[in-house]
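Working notes for the structure below.
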Amino acid sequence: MTGIQLAPARQFRLDGKTALITGASRNIGLAIATAFAHAGAELVLVARGQERLEAVAESIHQGSGAKVTTIVADIATDRGLDKLTQQVDGLGVDVLVNNAHTIGSRPGSRLIDLDDSVWGEVISTNLLAPFRLVRHFAPLMLEKGSGCIINLMSGSGLQHSPGLGAYGASKAALWMMTRSLAVELAPHVRVNALCPGLVSEDGKPRNESQEGLLAAVPMKRLADPNEISGAALYLATDEASYTTGELLIVNGGRAW
């Protein structure tokens, strides 16, 4: 029989692309950076701690051969953001992963007990920093005619999480920002959100709170960070060429 056209082999590759990842020195950020490196991307890794970040960069380079640039900066501050943009502008960015976040200096507090400084800390890191990075890099992506932005979400932005009201509000706003940007930057720049469930660096519960939440997870376990990086890789590659404005949830089947 003739006339049957087979789909091409899938290529989850990032060859020739440069990916900037914030909060890249551990956990999900580190896993995403490693996955992107193995897929052929050049990396720009951003974190606040120099020693850990440089060790991560060296390990990724040794393990994958990828070119890795490190930038030590607190992107929640004007100084940190300026440092990042000045160092990156000569490199070009094809994929931006907004992963850096904070739950705030007073987790466990009621919203009405939080002062402005805690709100400022959470909003500056979780919402304004991603927006300011997008505002800087998206025009360059549009000029180039292609680009991808991935914002890391949280289940706390989808439902109430006791003691994490400010964090949840920042993530809910990040999701709405993602949807708006996806419309405004289409068709050349894709913008999506990735929402992990319970994750720890070794896949084991870190505290009693996480232990208690396992009952609500059909998979009956936490995720390893590498189980999140595969979803990020999909969103970053051309295999997701028709995916924008979406929230990809990877949470072991937990009902949010």
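Going through the structure tokens in order, the chains are called A, B, and so on, while each chain numbers its residues from 1 and the ligands are numbered from 1 in the order shown.
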Counting only C-alpha atoms, which residues of region 68-157 of chain A sit at most 12 Å from some atom of region 17-37 of chain A, and what is each one's closest atom pair with its distance in Å to one decimal, listed by chain and rising residue number, as a Markdown table?
```
| residue | atom | partner | partner_atom | distance |
| --- | --- | --- | --- | --- |
| A:Val68 | CA | A:Ala37 | CA | 8.6 |
| A:Thr69 | CA | A:Leu20 | CA | 9.3 |
| A:Thr70 | CA | A:Ala24 | CA | 9.5 |
| A:Ile71 | CA | A:Thr22 | CA | 9.4 |
| A:Val72 | CA | A:Thr22 | CA | 10.0 |
| A:Ala73 | CA | A:Thr22 | CA | 9.4 |
| A:Asp74 | CA | A:Gly23 | CA | 9.5 |
| A:Ile75 | CA | A:Thr22 | CA | 8.3 |
| A:Ala76 | CA | A:Thr22 | CA | 11.0 |
| A:Gly80 | CA | A:Thr22 | CA | 11.7 |
| A:Leu81 | CA | A:Thr22 | CA | 11.2 |
| A:Leu84 | CA | A:Leu20 | CA | 10.1 |
| A:Thr85 | CA | A:Leu20 | CA | 10.8 |
| A:Gln87 | CA | A:Leu20 | CA | 11.6 |
| A:Val88 | CA | A:Leu20 | CA | 8.8 |
| A:Asp89 | CA | A:Leu20 | CA | 11.4 |
| A:Gly90 | CA | A:Thr18 | CA | 11.6 |
| A:Leu91 | CA | A:Thr18 | CA | 7.9 |
| A:Gly92 | CA | A:Thr18 | CA | 6.9 |
| A:Val93 | CA | A:Thr18 | CA | 5.2 |
| A:Asp94 | CA | A:Thr18 | CA | 5.3 |
| A:Val95 | CA | A:Ala19 | CA | 4.5 |
| A:Leu96 | CA | A:Leu20 | CA | 5.0 |
| A:Val97 | CA | A:Ile21 | CA | 4.7 |
| A:Asn98 | CA | A:Thr22 | CA | 5.6 |
| A:Asn99 | CA | A:Thr22 | CA | 5.3 |
| A:Ala100 | CA | A:Gly23 | CA | 4.1 |
| A:His101 | CA | A:Gly23 | CA | 7.4 |
| A:Thr102 | CA | A:Gly23 | CA | 10.1 |
| A:Thr125 | CA | A:Gly23 | CA | 10.6 |
| A:Asn126 | CA | A:Thr22 | CA | 11.1 |
| A:Ala129 | CA | A:Thr22 | CA | 10.0 |
| A:Pro130 | CA | A:Thr22 | CA | 9.2 |
| A:Leu133 | CA | A:Thr22 | CA | 10.1 |
| A:Val134 | CA | A:Leu20 | CA | 11.4 |
| A:Phe137 | CA | A:Leu20 | CA | 10.3 |
| A:Met141 | CA | A:Thr18 | CA | 11.7 |
| A:Ser146 | CA | A:Lys17 | CA | 10.7 |
| A:Gly147 | CA | A:Lys17 | CA | 9.5 |
| A:Cys148 | CA | A:Ala19 | CA | 9.2 |
| A:Ile149 | CA | A:Ala19 | CA | 9.7 |
| A:Ile150 | CA | A:Ile21 | CA | 9.5 |
| A:Asn151 | CA | A:Ile21 | CA | 10.3 |
| A:Leu152 | CA | A:Ile28 | CA | 9.5 |
| A:Met153 | CA | A:Ile28 | CA | 11.8 |
```
> Quick one: residues within 9 Å of Arg221 (chain A), only C-alpha atoms counted, chain neighbours fewer than 3 positions away excluded, as a ChimeraX atom specification?
Replying inline: /A:198,203-205,214-215,217-218,252
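Reported to one decimal place, the separation of CA of Gly104 (chain A) from CA of Tyr167 (chain A) is 7.1 Å.
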> Distance CA of Pro107 (chain A)-CA of Ser209 (chain A), one decimal place?
Replying inline: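 Those two atoms sit 12.6 Å apart.
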> What's the 9 Å shell around Pro187 (chain A), counting only C-alpha atoms, without same-chain residues fewer than 3 positions away, as a VMD selection string?
Replying inline: chain A and resid 145 to 146 182 to 184 190
Can you spit out the residues from that selection as a compact mmCIF listing (two decimals), in the first residue's frame, using N, CA and C atoms?
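Result went into selection.txt, see below:
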```
# COMPACT_ATOMS: atom_id res chain seq x y z
N GLY A 145 12.87 35.61 16.04
CA GLY A 145 11.81 34.83 15.42
C GLY A 145 11.53 33.51 16.11
N SER A 146 12.12 33.29 17.28
CA SER A 146 11.87 32.05 18.02
C SER A 146 12.32 32.20 19.46
N ALA A 182 1.81 34.20 26.81
CA ALA A 182 1.68 33.23 25.72
C ALA A 182 0.88 33.82 24.56
N VAL A 183 -0.16 34.58 24.89
CA VAL A 183 -0.98 35.21 23.85
C VAL A 183 -0.21 36.36 23.20
N GLU A 184 0.41 37.18 24.01
CA GLU A 184 1.07 38.38 23.50
C GLU A 184 2.32 38.07 22.68
N ARG A 190 7.06 30.77 22.56
CA ARG A 190 6.14 29.96 23.35
C ARG A 190 6.39 30.18 24.84
```
>> Excluding Gly40 (chain A) and its own-chain neighbours fewer than 6 positions away, which residues fall within 8 Å of it when counting only C-alpha atoms? Please give them as a ChimeraX atom specification.
In response: /A:13-17,66
> For Ser200 (chain A), which residue out of A:Ser59, A:Asp224, A:Ala216, A:Ala186 is the nearest one, using only C-alpha atoms?
Replying inline: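 Result for the nearest residue to Ser200 (chain A): A:Asp224.
Closest approach to Gly197 (chain A) among A:Leu43, A:Ala173, A:Val250, A:Ile60: A:Val250, based on only C-alpha atoms.
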>> as a PyMOL selection string, please: every residue in region 13-202 of chain A that a backbone DSSP assignment puts in helix (DSSP H, G or I).
In response: chain A and resi 27-38+50-64+78-88+111-113+116-144+155-157+165-185
Let's have the selection written as a short mmCIF file (atom, residue, chain, number, x, y, z; two decimals), in the first residue's frame, with C-alpha atoms.
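Result saved to result.cif:
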```
data_model
loop_
_atom_site.label_atom_id
_atom_site.label_comp_id
_atom_site.auth_asym_id
_atom_site.auth_seq_id
_atom_site.Cartn_x
_atom_site.Cartn_y
_atom_site.Cartn_z
CA ASN A 27 17.12 20.18 42.99
CA ILE A 28 14.81 20.84 40.01
CA GLY A 29 16.99 23.58 38.55
CA LEU A 30 20.03 21.32 38.55
CA ALA A 31 18.05 18.45 37.01
CA ILE A 32 16.72 20.68 34.23
CA ALA A 33 20.21 22.03 33.54
CA THR A 34 21.61 18.51 33.28
CA ALA A 35 18.84 17.33 30.97
CA PHE A 36 19.29 20.34 28.70
CA ALA A 37 23.05 19.79 28.59
CA HIS A 38 22.62 16.16 27.53
CA GLN A 50 29.14 30.86 43.96
CA GLU A 51 30.88 27.75 45.29
CA ARG A 52 27.95 25.41 44.75
CA LEU A 53 27.11 26.92 41.35
CA GLU A 54 30.65 26.56 40.03
CA ALA A 55 30.83 22.95 41.25
CA VAL A 56 27.56 22.18 39.48
CA ALA A 57 28.79 23.80 36.27
CA GLU A 58 32.01 21.80 36.31
CA SER A 59 30.14 18.55 36.93
CA ILE A 60 27.71 19.20 34.08
CA HIS A 61 30.53 20.10 31.71
CA GLN A 62 32.52 16.99 32.62
CA GLY A 63 29.46 14.76 32.30
CA SER A 64 28.04 16.12 29.07
CA ASP A 78 18.19 45.45 40.75
CA ARG A 79 21.91 44.85 41.10
CA GLY A 80 21.59 41.12 40.48
CA LEU A 81 19.31 41.56 37.51
CA ASP A 82 21.59 44.14 35.94
CA LYS A 83 24.58 41.86 36.42
CA LEU A 84 22.78 38.97 34.76
CA THR A 85 21.54 40.89 31.74
CA GLN A 86 24.89 42.57 31.14
CA GLN A 87 26.74 39.26 31.14
CA VAL A 88 24.20 37.39 29.03
CA LEU A 111 -1.55 35.93 55.56
CA ILE A 112 -2.88 38.65 57.83
CA ASP A 113 0.17 38.23 60.09
CA ASP A 116 5.16 44.12 53.83
CA SER A 117 8.78 42.99 53.94
CA VAL A 118 7.79 39.32 53.62
CA TRP A 119 5.39 40.10 50.79
CA GLY A 120 8.10 42.09 49.08
CA GLU A 121 10.57 39.22 49.42
CA VAL A 122 8.18 36.68 47.92
CA ILE A 123 6.78 38.83 45.12
CA SER A 124 10.21 40.18 44.12
CA THR A 125 11.65 36.69 43.68
CA ASN A 126 8.69 34.67 42.44
CA LEU A 127 6.86 37.15 40.22
CA LEU A 128 8.74 40.36 39.47
CA ALA A 129 12.08 38.68 38.72
CA PRO A 130 10.56 36.31 36.12
CA PHE A 131 8.63 39.21 34.61
CA ARG A 132 11.69 41.43 34.40
CA LEU A 133 13.71 38.65 32.78
CA VAL A 134 10.95 38.04 30.24
CA ARG A 135 10.67 41.77 29.60
CA HIS A 136 14.38 41.83 28.81
CA PHE A 137 14.77 38.64 26.78
CA ALA A 138 11.40 38.28 25.02
CA PRO A 139 11.98 41.22 22.62
CA LEU A 140 15.29 39.64 21.61
CA MET A 141 13.53 36.32 21.02
CA LEU A 142 10.86 38.05 18.94
CA GLU A 143 13.50 39.79 16.89
CA LYS A 144 15.15 36.42 16.26
CA GLY A 155 0.36 23.51 43.54
CA SER A 156 0.20 26.26 46.16
CA GLY A 157 -0.80 28.56 43.31
CA GLY A 165 -0.47 32.13 51.38
CA ALA A 166 2.00 34.69 50.03
CA TYR A 167 3.92 32.03 48.12
CA GLY A 168 0.68 30.66 46.68
CA ALA A 169 -0.49 34.11 45.64
CA SER A 170 2.80 34.76 43.85
CA LYS A 171 2.55 31.47 41.96
CA ALA A 172 -1.10 32.03 41.03
CA ALA A 173 -0.09 35.40 39.59
CA LEU A 174 2.81 33.76 37.75
CA TRP A 175 0.37 31.38 36.09
CA MET A 176 -1.87 34.23 34.91
CA MET A 177 1.22 36.09 33.69
CA THR A 178 2.22 32.97 31.76
CA ARG A 179 -1.14 32.81 30.02
CA SER A 180 -1.05 36.49 29.11
CA LEU A 181 2.50 36.31 27.78
CA ALA A 182 1.68 33.23 25.72
CA VAL A 183 -0.98 35.21 23.85
CA GLU A 184 1.07 38.38 23.50
CA LEU A 185 4.27 36.68 22.33
#
```
>> Could you check the closest approach to Phe12 (chain A) for each of A:Ile103, A:Ala255, A:Leu248, A:Leu235 and tell me which residue wins, using only C-alpha atoms?
In response: A:Leu235
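Between CA of Val189 (chain A) and CA of Thr244 (chain A) lies a distance of 8.5 Å.
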List every residue of region 73-256 of chain A that DSSP, applied to the backbone, labels as strand (DSSP E), and write the result as a PDB file with N, CA and C atoms, in the first residue's frame.
```
ATOM      1  N   VAL A  95      16.130  29.741  25.333  1.00  0.00           N
ATOM      2  CA  VAL A  95      15.213  29.151  26.309  1.00  0.00           C
ATOM      3  C   VAL A  95      15.464  29.805  27.658  1.00  0.00           C
ATOM      4  N   LEU A  96      14.418  30.344  28.252  1.00  0.00           N
ATOM      5  CA  LEU A  96      14.493  30.957  29.580  1.00  0.00           C
ATOM      6  C   LEU A  96      13.667  30.128  30.549  1.00  0.00           C
ATOM      7  N   VAL A  97      14.307  29.633  31.603  1.00  0.00           N
ATOM      8  CA  VAL A  97      13.609  28.852  32.627  1.00  0.00           C
ATOM      9  C   VAL A  97      13.637  29.634  33.927  1.00  0.00           C
ATOM     10  N   ASN A  98      12.479  30.132  34.334  1.00  0.00           N
ATOM     11  CA  ASN A  98      12.346  30.871  35.586  1.00  0.00           C
ATOM     12  C   ASN A  98      12.035  29.891  36.710  1.00  0.00           C
ATOM     13  N   GLY A 147      11.734  31.387  20.321  1.00  0.00           N
ATOM     14  CA  GLY A 147      12.128  31.397  21.721  1.00  0.00           C
ATOM     15  C   GLY A 147      11.153  30.604  22.556  1.00  0.00           C
ATOM     16  N   CYS A 148      11.582  30.285  23.762  1.00  0.00           N
ATOM     17  CA  CYS A 148      10.763  29.478  24.670  1.00  0.00           C
ATOM     18  C   CYS A 148      10.982  29.957  26.087  1.00  0.00           C
ATOM     19  N   ILE A 149       9.892  30.129  26.825  1.00  0.00           N
ATOM     20  CA  ILE A 149       9.946  30.537  28.229  1.00  0.00           C
ATOM     21  C   ILE A 149       9.180  29.515  29.054  1.00  0.00           C
ATOM     22  N   ILE A 150       9.807  29.048  30.126  1.00  0.00           N
ATOM     23  CA  ILE A 150       9.172  28.081  31.031  1.00  0.00           C
ATOM     24  C   ILE A 150       9.194  28.658  32.437  1.00  0.00           C
ATOM     25  N   ASN A 151       8.016  28.826  33.024  1.00  0.00           N
ATOM     26  CA  ASN A 151       7.892  29.334  34.388  1.00  0.00           C
ATOM     27  C   ASN A 151       7.534  28.190  35.324  1.00  0.00           C
ATOM     28  N   LEU A 152       8.311  28.026  36.381  1.00  0.00           N
ATOM     29  CA  LEU A 152       8.045  26.953  37.343  1.00  0.00           C
ATOM     30  C   LEU A 152       6.943  27.380  38.303  1.00  0.00           C
ATOM     31  N   VAL A 189       7.212  33.056  20.014  1.00  0.00           N
ATOM     32  CA  VAL A 189       7.767  32.709  21.326  1.00  0.00           C
ATOM     33  C   VAL A 189       6.712  31.962  22.124  1.00  0.00           C
ATOM     34  N   ARG A 190       7.063  30.772  22.562  1.00  0.00           N
ATOM     35  CA  ARG A 190       6.140  29.956  23.352  1.00  0.00           C
ATOM     36  C   ARG A 190       6.389  30.184  24.843  1.00  0.00           C
ATOM     37  N   VAL A 191       5.306  30.257  25.620  1.00  0.00           N
ATOM     38  CA  VAL A 191       5.407  30.491  27.060  1.00  0.00           C
ATOM     39  C   VAL A 191       4.518  29.481  27.772  1.00  0.00           C
ATOM     40  N   ASN A 192       5.120  28.668  28.638  1.00  0.00           N
ATOM     41  CA  ASN A 192       4.377  27.641  29.356  1.00  0.00           C
ATOM     42  C   ASN A 192       4.781  27.614  30.825  1.00  0.00           C
ATOM     43  N   ALA A 193       3.969  26.959  31.613  1.00  0.00           N
ATOM     44  CA  ALA A 193       4.265  26.771  33.032  1.00  0.00           C
ATOM     45  C   ALA A 193       4.399  25.284  33.323  1.00  0.00           C
ATOM     46  N   LEU A 194       5.328  24.962  34.195  1.00  0.00           N
ATOM     47  CA  LEU A 194       5.563  23.579  34.618  1.00  0.00           C
ATOM     48  C   LEU A 194       5.342  23.512  36.111  1.00  0.00           C
ATOM     49  N   CYS A 195       4.449  22.634  36.532  1.00  0.00           N
ATOM     50  CA  CYS A 195       4.061  22.565  37.941  1.00  0.00           C
ATOM     51  C   CYS A 195       4.430  21.205  38.532  1.00  0.00           C
ATOM     52  N   PRO A 196       5.534  21.133  39.276  1.00  0.00           N
ATOM     53  CA  PRO A 196       5.902  19.871  39.939  1.00  0.00           C
ATOM     54  C   PRO A 196       5.029  19.626  41.166  1.00  0.00           C
ATOM     55  N   LEU A 247      -0.258  24.694  31.254  1.00  0.00           N
ATOM     56  CA  LEU A 247       0.276  24.322  32.564  1.00  0.00           C
ATOM     57  C   LEU A 247       0.457  22.812  32.573  1.00  0.00           C
ATOM     58  N   LEU A 248       1.701  22.369  32.577  1.00  0.00           N
ATOM     59  CA  LEU A 248       2.010  20.940  32.588  1.00  0.00           C
ATOM     60  C   LEU A 248       2.263  20.520  34.034  1.00  0.00           C
ATOM     61  N   ILE A 249       1.379  19.693  34.555  1.00  0.00           N
ATOM     62  CA  ILE A 249       1.457  19.258  35.947  1.00  0.00           C
ATOM     63  C   ILE A 249       2.110  17.883  36.021  1.00  0.00           C
ATOM     64  N   VAL A 250       3.122  17.762  36.862  1.00  0.00           N
ATOM     65  CA  VAL A 250       3.827  16.493  37.074  1.00  0.00           C
ATOM     66  C   VAL A 250       3.830  16.243  38.569  1.00  0.00           C
TER      67      VAL A 250
END
```
